[in-house]
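*Asks:* My structure file my_file18.cif, mmCIF, C-alpha atoms, is below:
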```
data_target
loop_
_atom_site.label_atom_id
_atom_site.label_comp_id
_atom_site.auth_asym_id
_atom_site.auth_seq_id
_atom_site.Cartn_x
_atom_site.Cartn_y
_atom_site.Cartn_z
CA MET A 1462 74.57 -12.33 0.51
CA SER A 1463 73.06 -8.84 0.27
CA ARG A 1464 69.92 -8.24 2.30
CA LEU A 1465 67.65 -5.55 3.67
CA LEU A 1466 64.81 -5.51 6.16
CA ILE A 1467 61.87 -3.32 5.12
CA SER A 1468 59.99 -2.05 8.15
CA ALA A 1469 57.82 0.90 9.12
CA ALA A 1470 57.08 3.19 12.04
CA HIS A 1471 53.63 1.65 12.41
CA LYS A 1472 51.19 -0.72 10.78
CA SER A 1473 49.45 0.28 7.52
CA SER A 1474 52.31 2.49 6.34
CA GLY A 1475 52.33 0.87 2.89
CA LYS A 1476 55.44 -1.27 3.39
CA THR A 1477 53.92 -4.38 1.80
CA THR A 1478 53.09 -2.57 -1.43
CA ILE A 1479 56.49 -0.90 -1.50
CA THR A 1480 58.28 -4.19 -0.76
CA LEU A 1481 56.26 -5.83 -3.53
CA GLY A 1482 57.27 -3.05 -5.91
CA LEU A 1483 60.92 -3.35 -4.90
CA CYS A 1484 60.86 -7.12 -5.49
CA ALA A 1485 59.36 -6.63 -8.95
CA ALA A 1486 61.61 -3.71 -9.87
CA LEU A 1487 64.83 -5.45 -8.85
CA ALA A 1488 63.76 -8.69 -10.54
CA ASP A 1489 63.01 -6.68 -13.68
CA ARG A 1490 66.68 -5.63 -13.66
CA GLY A 1491 67.59 -9.28 -13.93
CA LEU A 1492 68.50 -9.75 -10.27
CA ALA A 1493 67.57 -12.87 -8.33
CA VAL A 1494 65.46 -11.44 -5.49
CA GLN A 1495 64.62 -13.65 -2.51
CA PRO A 1496 61.68 -12.39 -0.40
CA PHE A 1497 61.00 -13.23 3.22
CA LYS A 1498 58.10 -12.20 5.46
CA LYS A 1499 58.27 -11.87 9.23
CA GLY A 1500 55.56 -13.51 11.27
CA PRO A 1501 52.54 -15.65 10.42
CA ASP A 1502 51.14 -14.54 7.07
CA TYR A 1503 49.95 -16.22 3.90
CA ILE A 1504 48.68 -13.33 1.78
CA ASP A 1505 51.64 -10.91 1.67
CA PRO A 1506 54.04 -13.76 0.78
CA MET A 1507 51.81 -14.76 -2.14
CA TRP A 1508 52.18 -11.27 -3.62
CA LEU A 1509 55.89 -11.04 -2.81
CA GLY A 1510 56.55 -14.44 -4.33
CA GLN A 1511 54.72 -13.56 -7.53
CA ALA A 1512 56.52 -10.21 -7.78
CA SER A 1513 59.99 -11.71 -7.30
CA GLY A 1514 59.45 -14.99 -9.13
CA ARG A 1515 60.70 -16.94 -6.08
CA PRO A 1516 58.70 -18.45 -3.19
CA CYS A 1517 58.54 -16.17 -0.15
CA HIS A 1518 59.50 -17.84 3.14
CA ASN A 1519 58.23 -16.84 6.58
CA LEU A 1520 60.45 -16.06 9.57
CA ASP A 1521 58.71 -16.38 12.92
CA PHE A 1522 60.31 -16.14 16.38
CA TYR A 1523 57.26 -17.84 17.91
CA CYS A 1524 57.56 -21.07 15.93
CA MET A 1525 61.25 -21.05 14.97
CA SER A 1526 64.50 -20.94 16.89
CA HIS A 1527 67.14 -18.34 16.08
CA ALA A 1528 69.25 -21.03 14.43
CA GLU A 1529 66.32 -22.11 12.26
CA ILE A 1530 65.60 -18.53 11.16
CA LEU A 1531 69.26 -18.08 10.19
CA SER A 1532 69.22 -21.41 8.34
CA THR A 1533 66.12 -20.39 6.39
CA VAL A 1534 67.55 -17.01 5.42
CA GLY A 1535 70.95 -18.45 4.62
CA GLN A 1536 69.78 -21.39 2.56
CA TYR A 1537 67.21 -19.62 0.41
CA SER A 1538 69.42 -16.54 -0.04
CA ALA A 1539 72.46 -18.54 -1.12
CA ASP A 1540 71.71 -18.25 -4.86
CA ALA A 1541 70.06 -14.80 -4.72
CA ASP A 1542 71.58 -11.43 -5.56
CA ILE A 1543 69.61 -9.71 -2.81
CA SER A 1544 67.13 -10.71 -0.13
CA LEU A 1545 64.30 -8.46 1.05
CA ILE A 1546 62.77 -9.22 4.43
CA GLU A 1547 59.40 -7.55 4.97
CA GLY A 1548 58.62 -6.89 8.60
CA ASN A 1549 55.22 -6.89 10.26
CA LYS A 1550 53.78 -3.94 12.16
CA GLY A 1551 56.28 -1.30 13.32
CA LEU A 1552 60.03 -1.67 13.70
CA TYR A 1553 59.96 -2.04 17.49
CA ASP A 1554 56.48 -3.56 17.91
CA GLY A 1555 56.09 -7.09 19.21
CA LEU A 1556 54.64 -9.44 21.80
CA ASP A 1557 57.29 -9.01 24.46
CA LEU A 1558 58.28 -5.94 26.45
CA ASP A 1559 61.94 -6.51 25.64
CA GLY A 1560 61.28 -6.55 21.89
CA SER A 1561 62.76 -10.01 21.50
CA ASN A 1562 60.35 -10.88 18.68
CA SER A 1563 60.23 -7.49 16.95
CA ASN A 1564 61.38 -6.50 13.47
CA ALA A 1565 64.37 -4.87 15.13
CA ALA A 1566 65.30 -8.19 16.76
CA LEU A 1567 65.08 -9.89 13.35
CA ALA A 1568 67.28 -7.19 11.81
CA LYS A 1569 69.88 -7.81 14.54
CA LEU A 1570 69.74 -11.57 14.19
CA THR A 1571 70.13 -11.52 10.40
CA GLN A 1572 72.54 -8.55 10.44
CA SER A 1573 70.27 -6.68 8.03
CA PRO A 1574 70.23 -2.91 7.57
CA VAL A 1575 66.75 -1.42 7.87
CA ILE A 1576 64.86 0.61 5.32
CA LEU A 1577 62.11 2.48 7.15
CA VAL A 1578 58.90 3.18 5.23
CA LEU A 1579 57.28 6.32 6.62
CA ASP A 1580 53.69 7.35 5.95
CA ALA A 1581 54.36 11.06 5.45
CA ARG A 1582 50.79 12.31 5.20
CA GLY A 1583 50.44 15.56 7.11
CA MET A 1584 54.11 15.62 8.15
CA THR A 1585 56.85 18.20 7.54
CA ARG A 1586 59.42 19.13 10.20
CA GLY A 1587 58.03 16.54 12.62
CA ILE A 1588 59.53 13.76 10.57
CA ALA A 1589 63.01 14.57 11.92
CA PRO A 1590 62.37 13.75 15.61
CA LEU A 1591 60.54 10.62 14.49
CA ILE A 1592 63.61 9.34 12.64
CA LEU A 1593 65.99 10.49 15.38
CA GLY A 1594 63.90 8.71 18.00
CA TYR A 1595 63.92 5.47 16.06
CA GLN A 1596 67.69 5.71 15.70
CA ALA A 1597 68.26 6.49 19.38
CA PHE A 1598 65.89 3.84 20.75
CA ASP A 1599 68.31 1.06 19.81
CA PRO A 1600 71.73 2.19 18.52
CA ASP A 1601 72.49 -1.39 17.41
CA ILE A 1602 69.86 -1.11 14.69
CA ARG A 1603 71.24 0.37 11.49
CA ILE A 1604 68.55 2.44 9.81
CA ALA A 1605 70.23 2.71 6.43
CA GLY A 1606 67.57 4.75 4.70
CA VAL A 1607 63.96 5.85 4.58
CA ILE A 1608 61.32 5.67 1.89
CA LEU A 1609 58.75 8.42 2.21
CA ASN A 1610 55.27 7.22 1.31
CA GLN A 1611 51.93 8.87 0.56
CA LEU A 1612 53.55 12.17 -0.40
CA GLY A 1613 51.21 14.99 -1.32
CA GLY A 1614 53.30 16.27 -4.23
CA SER A 1615 56.74 17.48 -5.27
CA ARG A 1616 56.73 20.44 -2.85
CA HIS A 1617 55.86 18.16 0.05
CA GLU A 1618 58.65 15.79 -0.94
CA ALA A 1619 61.20 18.62 -1.25
CA LYS A 1620 60.35 19.93 2.23
CA LEU A 1621 60.71 16.52 3.82
CA ARG A 1622 64.00 15.82 2.07
CA SER A 1623 65.39 19.16 3.27
CA VAL A 1624 64.29 18.52 6.86
CA ILE A 1625 65.75 14.99 6.92
CA GLU A 1626 69.02 16.13 5.34
CA HIS A 1627 69.36 19.01 7.80
CA TYR A 1628 68.56 17.20 11.05
CA THR A 1629 69.58 13.58 10.46
CA ASP A 1630 72.24 11.48 8.77
CA VAL A 1631 69.70 9.09 7.27
CA ARG A 1632 69.55 8.75 3.51
CA VAL A 1633 66.25 9.27 1.70
CA ILE A 1634 66.06 6.30 -0.65
CA GLY A 1635 62.77 7.25 -2.25
CA GLY A 1636 59.70 9.42 -2.21
CA VAL A 1637 56.51 7.65 -3.24
CA HIS A 1638 53.55 9.87 -4.05
CA ARG A 1639 49.88 9.01 -3.66
CA HIS A 1640 48.78 6.76 -6.51
CA PRO A 1641 45.49 4.90 -6.76
CA GLU A 1642 47.40 2.16 -8.60
CA LEU A 1643 49.27 1.38 -5.38
CA GLU A 1644 46.10 0.38 -3.57
CA ILE A 1645 45.44 -3.35 -3.34
CA ILE A 1646 41.91 -4.13 -2.18
CA GLU A 1647 41.79 -5.39 1.38
CA ARG A 1648 39.56 -7.92 3.08
CA HIS A 1649 39.11 -8.99 6.70
CA LEU A 1650 42.47 -10.84 6.80
CA GLY A 1651 44.38 -8.15 4.94
CA LEU A 1652 45.12 -7.88 1.24
CA ILE A 1653 43.10 -9.94 -1.23
CA PRO A 1654 45.31 -12.92 -2.14
CA SER A 1655 47.01 -12.75 -5.50
CA ASN A 1656 45.43 -16.09 -6.46
CA GLU A 1657 42.04 -14.32 -6.40
CA GLU A 1658 43.17 -11.15 -8.14
CA ASP A 1659 42.54 -11.79 -11.85
CA ALA A 1660 44.70 -8.83 -12.79
CA SER A 1661 47.48 -9.52 -10.28
CA THR A 1662 50.17 -9.60 -12.98
CA SER A 1663 49.17 -6.22 -14.41
CA ARG A 1664 48.73 -4.80 -10.88
CA ILE A 1665 52.28 -5.85 -9.97
CA ARG A 1666 53.53 -4.32 -13.23
CA GLN A 1667 51.87 -0.99 -12.37
CA ILE A 1668 53.35 -0.99 -8.86
CA ARG A 1669 56.77 -1.94 -10.25
CA GLU A 1670 56.77 1.00 -12.67
CA ILE A 1671 55.81 3.49 -9.94
CA ILE A 1672 58.39 2.21 -7.46
CA SER A 1673 61.09 2.11 -10.17
CA GLY A 1674 60.45 5.77 -10.91
CA GLU A 1675 60.20 7.04 -7.33
CA VAL A 1676 62.74 4.91 -5.42
CA ASP A 1677 66.50 5.08 -6.05
CA LEU A 1678 67.18 1.40 -6.67
CA ASP A 1679 70.92 1.97 -7.04
CA ALA A 1680 71.03 3.61 -3.61
CA LEU A 1681 68.99 0.74 -2.21
CA LEU A 1682 71.48 -1.80 -3.52
CA THR A 1683 74.37 0.27 -2.17
CA VAL A 1684 73.12 0.18 1.43
CA ALA A 1685 72.31 -3.55 1.35
CA ASP A 1686 74.54 -5.54 3.65
CA SER A 1687 76.58 -8.08 1.68
CA SER A 1688 78.20 -9.80 4.67
CA PRO A 1689 77.88 -13.59 4.92
CA LEU A 1690 75.65 -15.28 7.47
CA GLN A 1691 76.76 -18.13 9.68
CA TYR A 1692 74.05 -20.75 9.47
CA GLU A 1693 73.47 -24.46 9.68
CA PRO A 1694 72.06 -25.90 6.43
CA ILE A 1695 68.49 -27.24 6.59
CA SER A 1696 68.63 -31.03 6.61
CA ALA A 1697 66.32 -32.89 4.25
CA VAL A 1698 64.46 -36.04 5.22
CA ALA A 1699 65.52 -38.87 2.91
CA THR A 1700 62.63 -41.07 1.78
CA ALA A 1701 62.77 -44.05 -0.57
CA THR A 1702 60.93 -43.48 -3.84
CA ALA A 1703 59.02 -46.73 -3.38
CA ASP A 1704 57.48 -45.35 -0.17
CA ARG A 1705 56.00 -42.25 -1.77
CA VAL A 1706 52.33 -41.48 -1.16
CA ARG A 1707 50.01 -39.39 -3.32
CA ILE A 1708 48.33 -36.54 -1.45
CA ALA A 1709 45.68 -34.37 -3.08
CA ILE A 1710 46.05 -30.70 -2.20
CA ALA A 1711 43.30 -28.13 -2.79
CA GLN A 1712 44.85 -25.16 -4.61
CA ASP A 1713 42.34 -22.77 -6.16
CA THR A 1714 40.71 -19.42 -5.46
CA ALA A 1715 38.99 -20.82 -2.35
CA PHE A 1716 42.04 -22.49 -0.79
CA GLY A 1717 45.52 -21.06 -1.22
CA PHE A 1718 47.05 -20.64 2.23
CA TYR A 1719 50.12 -22.88 2.23
CA TYR A 1720 53.64 -22.20 3.47
CA PRO A 1721 56.29 -23.10 0.87
CA ASP A 1722 58.39 -24.71 3.61
CA ASP A 1723 55.49 -26.99 4.52
CA LEU A 1724 55.01 -28.11 0.92
CA ILE A 1725 58.74 -28.79 0.66
CA ALA A 1726 58.59 -30.75 3.92
CA LEU A 1727 55.67 -32.84 2.63
CA GLU A 1728 57.61 -33.72 -0.52
CA GLN A 1729 60.78 -34.47 1.41
CA ALA A 1730 58.79 -36.80 3.65
CA GLY A 1731 57.68 -38.75 0.57
CA ALA A 1732 54.52 -37.04 -0.66
CA GLU A 1733 53.65 -36.53 -4.29
CA LEU A 1734 51.36 -33.49 -4.18
CA VAL A 1735 48.46 -33.72 -6.63
CA ARG A 1736 46.71 -30.39 -7.15
CA ILE A 1737 42.90 -30.37 -7.15
CA ASN A 1738 40.41 -27.57 -7.80
CA THR A 1739 37.44 -27.81 -5.43
CA LEU A 1740 35.40 -25.45 -7.60
CA ALA A 1741 35.96 -27.05 -11.01
CA ASP A 1742 37.06 -30.66 -10.60
CA THR A 1743 34.27 -33.20 -10.31
CA SER A 1744 36.21 -36.06 -8.77
CA LEU A 1745 39.13 -36.82 -6.52
CA PRO A 1746 42.15 -38.44 -8.15
CA ASP A 1747 43.48 -41.77 -6.92
CA VAL A 1748 45.32 -40.59 -3.80
CA ASP A 1749 46.42 -41.80 -0.38
CA GLY A 1750 45.59 -38.58 1.45
CA LEU A 1751 43.93 -35.17 1.22
CA PHE A 1752 45.13 -31.74 2.40
CA ILE A 1753 42.79 -28.74 2.36
CA GLY A 1754 44.52 -25.61 3.64
CA GLY A 1755 43.18 -22.23 4.59
CA GLY A 1756 41.74 -19.57 2.33
CA PHE A 1757 38.50 -17.71 1.76
CA PRO A 1758 35.84 -20.36 1.12
CA GLU A 1759 33.18 -17.84 2.13
CA THR A 1760 33.88 -15.77 -0.99
CA GLN A 1761 33.51 -18.87 -3.16
CA MET A 1762 30.78 -20.67 -1.22
CA GLN A 1763 28.20 -20.58 -4.01
CA ALA A 1764 30.63 -22.22 -6.45
CA LEU A 1765 31.83 -24.69 -3.80
CA SER A 1766 28.25 -25.67 -3.03
CA ALA A 1767 27.34 -25.91 -6.71
CA ASN A 1768 30.08 -28.48 -7.28
CA VAL A 1769 27.99 -31.26 -5.79
CA ALA A 1770 30.11 -34.01 -7.33
CA MET A 1771 33.29 -32.86 -5.54
CA ARG A 1772 31.47 -32.35 -2.25
CA GLU A 1773 30.10 -35.86 -2.40
CA GLN A 1774 33.49 -37.30 -3.39
CA VAL A 1775 35.21 -35.63 -0.43
CA ARG A 1776 32.51 -36.71 2.01
CA ALA A 1777 32.57 -40.30 0.79
CA ALA A 1778 36.37 -40.52 0.76
CA ILE A 1779 36.66 -39.34 4.38
CA ALA A 1780 33.80 -41.62 5.42
CA ASN A 1781 35.71 -44.51 3.84
CA GLY A 1782 38.83 -43.69 5.84
CA LEU A 1783 40.95 -41.52 3.54
CA PRO A 1784 43.57 -39.74 5.70
CA ALA A 1785 42.79 -36.04 5.50
CA TYR A 1786 44.10 -32.86 7.06
CA ALA A 1787 42.21 -29.53 6.97
CA GLU A 1788 43.17 -26.11 8.34
CA CYS A 1789 40.72 -23.26 8.98
CA GLY A 1790 39.18 -22.69 5.53
CA GLY A 1791 39.43 -26.41 4.91
CA LEU A 1792 37.57 -27.06 8.17
CA MET A 1793 34.85 -24.64 7.04
CA TYR A 1794 34.44 -26.53 3.76
CA LEU A 1795 34.05 -29.81 5.63
CA CYS A 1796 31.16 -28.50 7.73
CA ARG A 1797 27.50 -29.10 6.99
CA SER A 1798 26.92 -25.57 5.73
CA LEU A 1799 28.47 -22.10 5.52
CA ARG A 1800 26.64 -18.84 6.24
CA TRP A 1801 27.93 -15.34 5.45
CA GLN A 1802 26.30 -11.98 4.76
CA GLY A 1803 22.80 -13.39 4.77
CA GLN A 1804 23.63 -16.22 2.38
CA HIS A 1805 23.64 -19.89 3.27
CA TYR A 1806 25.09 -22.77 1.26
CA GLU A 1807 25.58 -26.47 1.80
CA MET A 1808 29.15 -27.74 2.17
CA THR A 1809 30.46 -31.32 2.37
CA GLY A 1810 28.76 -32.34 5.62
CA VAL A 1811 31.72 -34.27 7.05
CA ILE A 1812 31.71 -32.25 10.29
CA PRO A 1813 28.27 -32.26 12.02
CA ALA A 1814 28.09 -28.48 12.44
CA ASP A 1815 27.21 -25.29 10.61
CA CYS A 1816 29.95 -22.73 10.04
CA VAL A 1817 28.96 -19.08 10.50
CA MET A 1818 31.02 -16.02 9.56
CA HIS A 1819 31.01 -13.12 12.05
CA GLU A 1820 31.89 -9.44 11.77
CA ARG A 1821 34.70 -9.67 14.30
CA PRO A 1822 37.53 -12.22 14.64
CA GLN A 1823 36.57 -15.34 16.59
CA GLY A 1824 40.16 -16.45 17.00
CA ARG A 1825 43.25 -14.39 16.25
CA GLY A 1826 46.96 -14.60 16.97
CA TYR A 1827 49.41 -17.15 18.26
CA VAL A 1828 48.23 -20.38 19.86
CA ARG A 1829 49.73 -23.13 21.99
CA LEU A 1830 48.30 -26.63 21.85
CA ARG A 1831 48.79 -29.84 23.79
CA GLU A 1832 47.98 -33.13 22.08
CA THR A 1833 45.33 -35.43 23.51
CA ALA A 1834 45.15 -39.22 23.31
CA ALA A 1835 42.80 -38.81 20.32
CA MET A 1836 45.56 -37.42 18.09
CA PRO A 1837 45.59 -39.85 15.13
CA TRP A 1838 49.12 -39.13 13.90
CA ALA A 1839 51.93 -41.05 15.59
CA GLY A 1840 55.40 -39.72 16.46
CA PRO A 1841 57.79 -38.15 16.42
CA ARG A 1842 55.50 -36.17 18.68
CA PRO A 1843 56.41 -32.58 19.58
CA ALA A 1844 58.21 -32.06 22.84
CA GLY A 1845 55.79 -30.10 25.01
CA GLU A 1846 53.26 -27.67 23.60
CA ILE A 1847 52.87 -26.90 19.89
CA ALA A 1848 53.36 -23.28 18.86
CA ALA A 1849 51.18 -22.24 15.91
CA HIS A 1850 48.69 -19.53 14.91
CA GLU A 1851 45.04 -18.91 14.04
CA PHE A 1852 43.04 -16.14 12.40
CA HIS A 1853 39.37 -16.84 11.72
CA TYR A 1854 36.15 -14.90 11.61
CA SER A 1855 34.02 -18.04 11.57
CA ALA A 1856 32.75 -20.27 14.36
CA LEU A 1857 30.88 -23.57 14.54
CA GLU A 1858 27.21 -23.64 15.53
CA ASN A 1859 24.48 -26.29 15.81
CA ILE A 1860 26.91 -29.09 16.59
CA THR A 1861 24.63 -32.14 16.46
CA GLU A 1862 27.04 -34.89 17.56
CA PRO A 1863 29.76 -35.08 20.24
CA LEU A 1864 33.13 -34.12 18.82
CA THR A 1865 36.49 -35.73 19.51
CA PHE A 1866 39.46 -33.36 19.68
CA ALA A 1867 43.17 -33.91 19.07
CA TYR A 1868 44.27 -30.77 20.93
CA ASP A 1869 43.71 -29.03 24.22
CA VAL A 1870 44.09 -25.28 23.67
CA MET A 1871 46.49 -23.74 26.17
CA ARG A 1872 46.51 -20.38 24.42
CA GLY A 1873 44.09 -19.26 21.72
CA THR A 1874 40.53 -20.12 20.75
CA GLY A 1875 40.38 -23.13 18.45
CA VAL A 1876 36.90 -24.59 17.99
CA ASP A 1877 35.36 -23.83 21.38
CA GLY A 1878 38.00 -21.97 23.41
CA ASP A 1879 39.34 -25.14 25.01
CA HIS A 1880 39.76 -27.61 22.16
CA ASP A 1881 40.82 -27.81 18.54
CA GLY A 1882 41.58 -30.50 15.99
CA ILE A 1883 38.34 -32.35 15.21
CA VAL A 1884 38.97 -36.05 14.63
CA ILE A 1885 36.49 -37.97 12.45
CA ASN A 1886 37.64 -41.32 11.05
CA ASN A 1887 41.09 -40.50 9.65
CA LEU A 1888 40.40 -36.76 9.36
CA LEU A 1889 42.11 -34.08 11.48
CA ALA A 1890 40.51 -30.65 10.98
CA SER A 1891 41.47 -27.57 12.99
CA TYR A 1892 41.29 -23.79 13.03
CA THR A 1893 44.98 -23.81 13.88
CA HIS A 1894 47.55 -23.21 11.12
CA MET A 1895 50.67 -25.31 11.63
CA ARG A 1896 54.26 -24.54 10.67
CA ASP A 1897 56.56 -27.44 9.87
CA THR A 1898 59.57 -26.45 11.95
CA ARG A 1899 62.06 -28.22 14.19
CA GLN A 1900 59.69 -27.93 17.15
CA HIS A 1901 56.98 -29.87 15.26
CA HIS A 1902 57.48 -31.76 11.99
CA TRP A 1903 53.77 -32.17 11.27
CA ALA A 1904 54.31 -32.80 7.53
CA ARG A 1905 56.37 -35.93 8.18
CA ARG A 1906 53.78 -37.20 10.67
CA PHE A 1907 50.90 -36.71 8.22
CA VAL A 1908 52.76 -38.41 5.37
CA ASP A 1909 53.70 -41.33 7.63
CA TYR A 1910 50.08 -41.58 8.73
CA ALA A 1911 48.86 -41.70 5.12
CA ARG A 1912 51.49 -44.33 4.35
CA ARG A 1913 50.43 -46.51 7.30
CA CYS A 1914 46.75 -46.20 6.42
CA ARG A 1915 47.51 -47.23 2.86
CA GLY A 1916 49.39 -50.28 4.17
#
```
Would it be possible to restate this file's structure as structure tokens?
*Replies:*
Amino acid sequence: MSRLLISAAHKSSGKTTITLGLCAALADRGLAVQPFKKGPDYIDPMWLGQASGRPCHNLDFYCMSHAEILSTVGQYSADADISLIEGNKGLYDGLDLDGSNSNAALAKLTQSPVILVLDARGMTRGIAPLILGYQAFDPDIRIAGVILNQLGGSRHEAKLRSVIEHYTDVRVIGGVHRHPELEIIERHLGLIPSNEEDASTSRIRQIREIISGEVDLDALLTVADSSPLQYEPISAVATATADRVRIAIAQDTAFGFYYPDDLIALEQAGAELVRINTLADTSLPDVDGLFIGGGFPETQMQALSANVAMREQVRAAIANGLPAYAECGGLMYLCRSLRWQGQHYEMTGVIPADCVMHERPQGRGYVRLRETAAMPWAGPRPAGEIAAHEFHYSALENITEPLTFAYDVMRGTGVDGDHDGIVINNLLASYTHMRDTRQHHWARRFVDYARRCRG
């Protein structure tokens, strides 16, 4: 069970692009590469999953116990030749002073050697104390190698290699020069999702070729830890075939933010997921429920608005009691209208409010919620507060009717700073993004709710 954790000294060092290139390059060798991403993130995993050919799973200390993280890594790595865990931010960065939720903590928990990606722009001899400091800060962390990034040329690379070889015992695994092909266009939430990038396949191929030529893949495989992990297998929820429910799921260029674990959990709970395209389809299929996840509806709002038939179908279905669940982008689509960059388009009109995009985040980071009596889904209810996350630049304005909320916000922003989870008929729509984990099996609750409503 070989694995590595790819981290960096600080955010925006290029580790996502390099990890993407490593996934593609190793997969091109015929290896089964299993990617993981630390923390709450939809976009990076979409790229990593496409590059490796295997779904990328998220590992998050905030929503998952240590045992659950180990189970996730162990189970999805079992049939892989190597697993690559991409960290978030810097190696020692995190919420807590003790670093208990940092990349370093994840490396310790999963017994993964660390490959440190270093943005080497403007650096020569100063790179040595940087590496030495990272090694000394926590001797239990094994920094097995570094990949130098954003190199200015062969002379710059040679100088850095000489300095690192002279002052440290860390192996230089690669030296990646500045290439415009390595730049993936960013948006307010990070990289543009691969489901919006028409040329994502060719872009991944370009990155793969550069990384293959400038990173020593054999050395990378040599330093990967092949020790087994002790983990408890993830238990599946057995559901009789006769009890299956059909749930439409919006998967297109407007809505693509779904965790693979959540989709698996929905299916294990008895859902047959029926893909719909909110931009092209003109009608809803015969389903028992509807799930509209997050995404970038603002970039597709003209096309979403132009598809009047789908908007009317969604509005009528929810008005007639179809169980529906919407997260963030889905909530935006269900509002009366959407405004961004001086443009204004009608949406479905289920929620009596206008959604407005702002220049700065309106809600960002981890959240904690407490359910109210208005929560439509029955048990098994979470024990205590629900740990989840949010990241939205939009807010609701011109709310013309009183809203009923399923959640009190204990930490975070939600809809109004105090509440989240708008309940209308059998709809639950929130800015919060849920994770189906042992602390809250939301997928099972939603499927059971759809099943009861059908009955």
*Asks:* I would like the residues chosen by the PyMOL selection byres ((chain A and resi 1815-1830) around 6) on the shown file; could you give them as a ChimeraX atom specification?
*Replies:* /A:1796-1801,1814,1831,1846-1859,1868-1874
*Asks:* If we count only C-alpha atoms, what is near Arg1776 in chain A at a cut-off of 12 Å, once residues fewer than 2 positions away on the same chain are taken out, given as a list in words?
*Replies:*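 Residues near the query, excluding close chain neighbours: Ser1744, Leu1745, Leu1751, Val1769, Ala1770, Met1771, Arg1772, Glu1773, Gln1774, Ala1778, Ile1779, Ala1780, Asn1781, Gly1782, Leu1783, Ala1785, Tyr1794, Leu1795, Cys1796, Arg1797, Met1808, Thr1809, Gly1810, Val1811, Ile1812, Pro1813, Ile1885, Asn1886 and Leu1888 of chain A.
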*Asks:* Please produce an output containing C-alpha atoms for each residue in the selection, written as a PDB file, in the coordinates of the input.
*Replies:*
```
ATOM      1  CA  SER A1744      36.210 -36.060  -8.770  1.00  0.00           C
ATOM      2  CA  LEU A1745      39.130 -36.820  -6.520  1.00  0.00           C
ATOM      3  CA  LEU A1751      43.930 -35.170   1.220  1.00  0.00           C
ATOM      4  CA  VAL A1769      27.990 -31.260  -5.790  1.00  0.00           C
ATOM      5  CA  ALA A1770      30.110 -34.010  -7.330  1.00  0.00           C
ATOM      6  CA  MET A1771      33.290 -32.860  -5.540  1.00  0.00           C
ATOM      7  CA  ARG A1772      31.470 -32.350  -2.250  1.00  0.00           C
ATOM      8  CA  GLU A1773      30.100 -35.860  -2.400  1.00  0.00           C
ATOM      9  CA  GLN A1774      33.490 -37.300  -3.390  1.00  0.00           C
ATOM     10  CA  ALA A1778      36.370 -40.520   0.760  1.00  0.00           C
ATOM     11  CA  ILE A1779      36.660 -39.340   4.380  1.00  0.00           C
ATOM     12  CA  ALA A1780      33.800 -41.620   5.420  1.00  0.00           C
ATOM     13  CA  ASN A1781      35.710 -44.510   3.840  1.00  0.00           C
ATOM     14  CA  GLY A1782      38.830 -43.690   5.840  1.00  0.00           C
ATOM     15  CA  LEU A1783      40.950 -41.520   3.540  1.00  0.00           C
ATOM     16  CA  ALA A1785      42.790 -36.040   5.500  1.00  0.00           C
ATOM     17  CA  TYR A1794      34.440 -26.530   3.760  1.00  0.00           C
ATOM     18  CA  LEU A1795      34.050 -29.810   5.630  1.00  0.00           C
ATOM     19  CA  CYS A1796      31.160 -28.500   7.730  1.00  0.00           C
ATOM     20  CA  ARG A1797      27.500 -29.100   6.990  1.00  0.00           C
ATOM     21  CA  MET A1808      29.150 -27.740   2.170  1.00  0.00           C
ATOM     22  CA  THR A1809      30.460 -31.320   2.370  1.00  0.00           C
ATOM     23  CA  GLY A1810      28.760 -32.340   5.620  1.00  0.00           C
ATOM     24  CA  VAL A1811      31.720 -34.270   7.050  1.00  0.00           C
ATOM     25  CA  ILE A1812      31.710 -32.250  10.290  1.00  0.00           C
ATOM     26  CA  PRO A1813      28.270 -32.260  12.020  1.00  0.00           C
ATOM     27  CA  ILE A1885      36.490 -37.970  12.450  1.00  0.00           C
ATOM     28  CA  ASN A1886      37.640 -41.320  11.050  1.00  0.00           C
ATOM     29  CA  LEU A1888      40.400 -36.760   9.360  1.00  0.00           C
TER      30      LEU A1888
END
```
*Asks:* Which residues fall under the PyMOL selection byres ((chain A and resi 1525) around 12) in this file, as a PyMOL selection string?
*Replies:* chain A and resi 1499-1501+1519-1524+1526-1533+1562+1567+1847-1849+1895-1902
*Asks:* Identify, on the basis of all atoms listed in the file, every residue whose closest approach to range 1471-1473 of chain A does not exceed 12 Å; exclude the query and any residue fewer than 3 positions from it along the same chain; express the result as a count of residues only.
*Replies:* 27
*Asks:* Please determine, counting only C-alpha atoms, which residue among A:Ser1673, A:Ser1687, A:Gln1729, A:Ser1891 has the shortest atom-to-atom distance to Asp1489 in chain A.
*Replies:*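 Selected residue with least distance to Asp1489 in chain A: A:Ser1673.
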*Asks:* Find the residue from A:Ala1597, A:Ala1512, A:Met1793, A:Ile1608 that sits nearest to Leu1481 in chain A; use all atoms listed in the file when measuring.
*Replies:* A:Ala1512
*Asks:* Mind listing as a PyMOL selection string all residues within 8 Å of (69.5, -8.1, 3.1), counting all atoms listed in the file?
*Replies:* chain A and resi 1462-1466+1543-1546+1572-1574+1685-1687
*Asks:* Which residue gives the smallest distance to Tyr1692 in chain A among A:Val1534, A:Leu1792, A:Ala1709, A:Ala1565, with only C-alpha atoms counted?
*Replies:*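 Checking each of A:Val1534, A:Leu1792, A:Ala1709, A:Ala1565 against Tyr1692 in chain A, counting only C-alpha atoms, the winner is A:Val1534.
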